[in-house]
file target00.cif (mmCIF, C-alpha atoms)
data_my_file
loop_
_atom_site.label_atom_id
_atom_site.label_comp_id
_atom_site.auth_asym_id
_atom_site.auth_seq_id
_atom_site.Cartn_x
_atom_site.Cartn_y
_atom_site.Cartn_z
CA MET A 1 45.80 -0.40 -8.69
CA TYR A 2 43.49 -2.09 -11.15
CA LYS A 3 42.08 0.18 -13.84
CA LYS A 4 40.07 -2.36 -15.86
CA ILE A 5 37.87 -4.93 -14.12
CA LEU A 6 36.01 -7.81 -15.73
CA PHE A 7 32.91 -8.89 -13.84
CA PRO A 8 31.45 -12.16 -15.15
CA ILE A 9 27.91 -12.61 -13.87
CA ASP A 10 25.45 -15.46 -13.94
CA SER A 11 22.05 -16.01 -12.43
CA GLY A 12 23.36 -17.97 -9.44
CA PRO A 13 22.21 -17.31 -5.89
CA GLY A 14 25.41 -15.47 -4.92
CA ALA A 15 25.29 -12.98 -7.79
CA LYS A 16 24.23 -10.02 -5.63
CA LYS A 17 27.09 -10.56 -3.16
CA VAL A 18 29.60 -10.80 -6.00
CA MET A 19 28.13 -7.69 -7.64
CA GLN A 20 28.59 -5.75 -4.40
CA THR A 21 32.25 -6.78 -4.32
CA ALA A 22 32.67 -5.78 -7.97
CA LEU A 23 31.06 -2.41 -7.21
CA ASP A 24 33.35 -1.93 -4.20
CA MET A 25 36.46 -2.80 -6.22
CA THR A 26 35.38 -0.50 -9.06
CA GLN A 27 34.97 2.36 -6.60
CA LEU A 28 38.14 1.59 -4.63
CA CYS A 29 40.29 1.43 -7.76
CA ASN A 30 38.41 4.10 -9.73
CA ALA A 31 38.32 1.48 -12.47
CA SER A 32 36.27 0.86 -15.56
CA VAL A 33 34.17 -2.29 -15.52
CA THR A 34 33.03 -4.71 -18.18
CA ILE A 35 30.16 -7.00 -17.25
CA LEU A 36 30.17 -10.35 -19.02
CA SER A 37 27.56 -13.08 -19.13
CA VAL A 38 27.82 -16.31 -21.07
CA VAL A 39 25.01 -18.06 -22.89
CA GLU A 40 25.77 -21.66 -22.11
CA SER A 41 25.12 -24.72 -24.23
CA GLU A 42 23.18 -27.59 -22.72
CA GLU A 43 26.35 -29.60 -22.02
CA ASP A 44 28.10 -26.64 -20.34
CA SER A 45 25.16 -25.44 -18.27
CA ASP A 46 24.43 -25.96 -14.60
CA PRO A 47 21.09 -27.80 -14.30
CA ALA A 48 20.24 -25.59 -11.32
CA HIS A 49 20.43 -22.48 -13.55
CA PRO A 50 18.89 -23.28 -16.94
CA GLU A 51 18.27 -19.57 -17.58
CA GLN A 52 21.94 -19.26 -18.60
CA MET A 53 20.98 -21.13 -21.79
CA SER A 54 18.53 -18.37 -22.79
CA GLU A 55 19.89 -15.41 -24.75
CA LYS A 56 16.91 -13.34 -23.62
CA ALA A 57 17.51 -14.14 -19.93
CA VAL A 58 21.23 -13.39 -20.24
CA ALA A 59 20.54 -10.07 -21.99
CA SER A 60 18.11 -9.14 -19.21
CA LEU A 61 20.67 -10.07 -16.54
CA LEU A 62 23.29 -7.89 -18.21
CA ALA A 63 20.87 -4.95 -18.49
CA GLN A 64 19.97 -5.22 -14.80
CA ALA A 65 23.61 -5.41 -13.73
CA LYS A 66 24.53 -2.43 -15.91
CA GLN A 67 21.69 -0.44 -14.36
CA VAL A 68 22.97 -1.18 -10.84
CA PHE A 69 26.45 0.07 -11.76
CA GLU A 70 25.02 3.21 -13.40
CA GLN A 71 22.85 3.93 -10.36
CA ARG A 72 26.06 3.94 -8.31
CA GLY A 73 27.64 6.40 -10.74
CA PHE A 74 29.79 4.02 -12.79
CA SER A 75 29.58 3.46 -16.50
CA ALA A 76 29.73 -0.19 -17.46
CA GLU A 77 30.22 -1.96 -20.74
CA THR A 78 28.38 -5.25 -21.25
CA ILE A 79 29.38 -8.28 -23.30
CA GLU A 80 27.28 -11.35 -24.07
CA ARG A 81 29.03 -14.40 -25.50
CA ASP A 82 28.24 -18.03 -26.23
CA GLY A 83 30.42 -20.88 -25.05
CA HIS A 84 31.99 -22.56 -22.06
CA PRO A 85 32.03 -19.96 -19.25
CA ALA A 86 35.61 -20.47 -18.03
CA PHE A 87 37.15 -20.24 -21.49
CA VAL A 88 34.98 -17.28 -22.51
CA ILE A 89 35.86 -15.40 -19.30
CA CYS A 90 39.59 -15.88 -19.91
CA ASP A 91 39.31 -14.97 -23.60
CA VAL A 92 37.38 -11.77 -22.83
CA ALA A 93 39.80 -10.83 -20.03
CA ASP A 94 42.62 -11.09 -22.55
CA GLU A 95 40.72 -9.25 -25.32
CA ILE A 96 39.81 -6.24 -23.19
CA GLY A 97 43.09 -6.09 -21.28
CA ALA A 98 41.43 -6.71 -17.92
CA GLU A 99 43.69 -6.26 -14.93
CA LEU A 100 41.35 -8.07 -12.50
CA VAL A 101 38.50 -10.56 -12.76
CA VAL A 102 35.93 -10.40 -9.95
CA MET A 103 33.75 -13.49 -9.94
CA GLY A 104 31.81 -15.80 -7.70
CA CYS A 105 32.06 -19.50 -7.09
CA ARG A 106 29.51 -22.01 -6.05
CA GLY A 107 31.77 -23.33 -3.32
CA THR A 108 32.25 -26.82 -4.71
CA GLY A 109 35.21 -26.46 -7.00
CA LEU A 110 37.96 -25.11 -4.82
CA ILE A 111 38.37 -28.38 -2.97
CA GLU A 112 40.27 -31.27 -4.49
CA GLU A 113 37.28 -33.45 -5.37
CA GLY A 114 35.56 -32.15 -8.47
CA ASN A 115 37.68 -29.04 -8.90
CA GLU A 116 38.52 -29.85 -12.51
CA ASP A 117 34.88 -29.07 -13.42
CA SER A 118 34.72 -25.79 -11.51
CA VAL A 119 34.44 -22.63 -13.61
CA SER A 120 36.21 -20.55 -10.96
CA ASN A 121 39.05 -23.05 -10.67
CA LYS A 122 39.56 -23.07 -14.44
CA VAL A 123 39.55 -19.27 -14.54
CA ILE A 124 42.07 -19.08 -11.69
CA ASN A 125 44.39 -21.38 -13.62
CA LEU A 126 43.90 -19.89 -17.12
CA SER A 127 43.27 -16.18 -16.59
CA PRO A 128 45.76 -13.68 -18.01
CA CYS A 129 45.27 -11.51 -14.90
CA PRO A 130 44.58 -11.87 -11.16
CA VAL A 131 41.20 -13.34 -10.15
CA LEU A 132 39.26 -12.33 -7.06
CA VAL A 133 36.85 -15.16 -6.20
CA VAL A 134 33.96 -14.23 -3.92
CA PRO A 135 32.58 -17.28 -2.08
#

call {"tool": "encode", "arguments": {"input": "target00.cif", "output": "structure tokens"}}
result
Amino acid sequence: MYKKILFPIDSGPGAKKVMQTALDMTQLCNASVTILSVVESEEDSDPAHPEQMSEKAVASLLAQAKQVFEQRGFSAETIERDGHPAFVICDVADEIGAELVVMGCRGTGLIEEGNEDSVSNKVINLSPCPVLVVP
């Protein structure tokens, strides 16, 4: 089973559902988890979620996510990075030796039209390990 899980989180509307799946996988696999959030530049950001451009907002998001994992009895490491989310996620997965990435998608990038811009699609194609995408 997977012993090291990377959980990239953003402030999107599906974050709680994805977090529940990451918690479930962590428990099921008795794995360690690293929570990652990316501070996005203006050109990389989703206009619907401008808070991802704020270091303070990203730090708060990471602290909240870590607290949820700790309340469930899991220790969690957090990482905050700047850059394009897909590339940062893949780089961090490689750096920490992740065996699984558990992430969400906004539901628009897994179809043919527009999928080249989808973060989840890029991660699926570039990740050094399996990716579990939670719709």

call {"tool": "resolve_selection", "arguments": {"input": "target00.cif", "expression": "the PyMOL selection byres ((chain A and resi 97) around 12)", "output": "list in words"}}
result
Tyr2, Lys3, Lys4, Ile5, Leu6, Ser32, Val33, Thr34, Ile89, Cys90, Asp91, Val92, Ala93, Asp94, Glu95, Ile96, Ala98, Glu99, Leu100, Val101, Ser127, Pro128, Cys129 and Pro130 of chain A

call {"tool": "atom_distance", "arguments": {"input": "target00.cif", "atom1": "atom CA of A:Arg106", "atom2": "atom CA of A:Leu132"}}
result
13.8 Å

call {"tool": "atom_distance", "arguments": {"input": "target00.cif", "atom1": "atom CA of A:Pro135", "atom2": "atom CA of A:Cys105"}}
result
5.5 Å

call {"tool": "closest_residue", "arguments": {"input": "target00.cif", "among": "A:Ala15, A:Ile79, A:Ala63, A:Val38", "to": "A:Val134", "atoms": "all atoms listed in the file"}}
result
A:Ala15

call {"tool": "resolve_selection", "arguments": {"input": "target00.cif", "expression": "the PyMOL selection byres ((chain A and resi 103) around 6)", "output": "number ranges by chain"}}
result
A: 8, 102, 104, 133

call {"tool": "closest_residue", "arguments": {"input": "target00.cif", "among": "A:Gly73, A:Pro13, A:Met25, A:Ala86", "to": "A:Asn121", "atoms": "all atoms listed in the file"}}
result
A:Ala86

call {"tool": "closest_residue", "arguments": {"input": "target00.cif", "among": "A:Met1, A:Val88, A:Leu61, A:Leu126", "to": "A:Thr26", "atoms": "all atoms listed in the file"}}
result
A:Met1

call {"tool": "atom_distance", "arguments": {"input": "target00.cif", "atom1": "atom CA of A:Glu80", "atom2": "atom CA of A:Gln27"}}
result
23.5 Å

call {"tool": "resolve_selection", "arguments": {"input": "target00.cif", "expression": "the PyMOL selection byres ((chain A and resi 74) around 10)", "output": "PyMOL selection string"}}
result
chain A and resi 23+26-27+30-33+66-73+75-77

call {"tool": "axis_aligned_box", "arguments": {"input": "target00.cif", "around": "stretch 4-15 of chain A", "padding_each_side": "6 Å", "output": "JSON"}}
result
{"center_x": 31.1, "center_y": -10.2, "center_z": -10.4, "size_x": 30.0, "size_y": 27.6, "size_z": 22.9}

call {"tool": "residues_around", "arguments": {"input": "target00.cif", "residues": "A:Met19", "least_positions_apart": "3", "cutoff": "8 Å", "atoms": "only C-alpha atoms", "output": "number ranges by chain"}}
result
A: 7, 9, 15-16, 22-23, 65

call {"tool": "closest_residue", "arguments": {"input": "target00.cif", "among": "A:Ile35, A:Arg81, A:Ser11, A:Lys17", "to": "A:Leu62", "atoms": "all atoms listed in the file"}}
result
A:Ile35

call {"tool": "closest_residue", "arguments": {"input": "target00.cif", "among": "A:Asp82, A:Asp10, A:Asp117, A:Asp24", "to": "A:Glu40", "atoms": "all atoms listed in the file"}}
result
A:Asp82
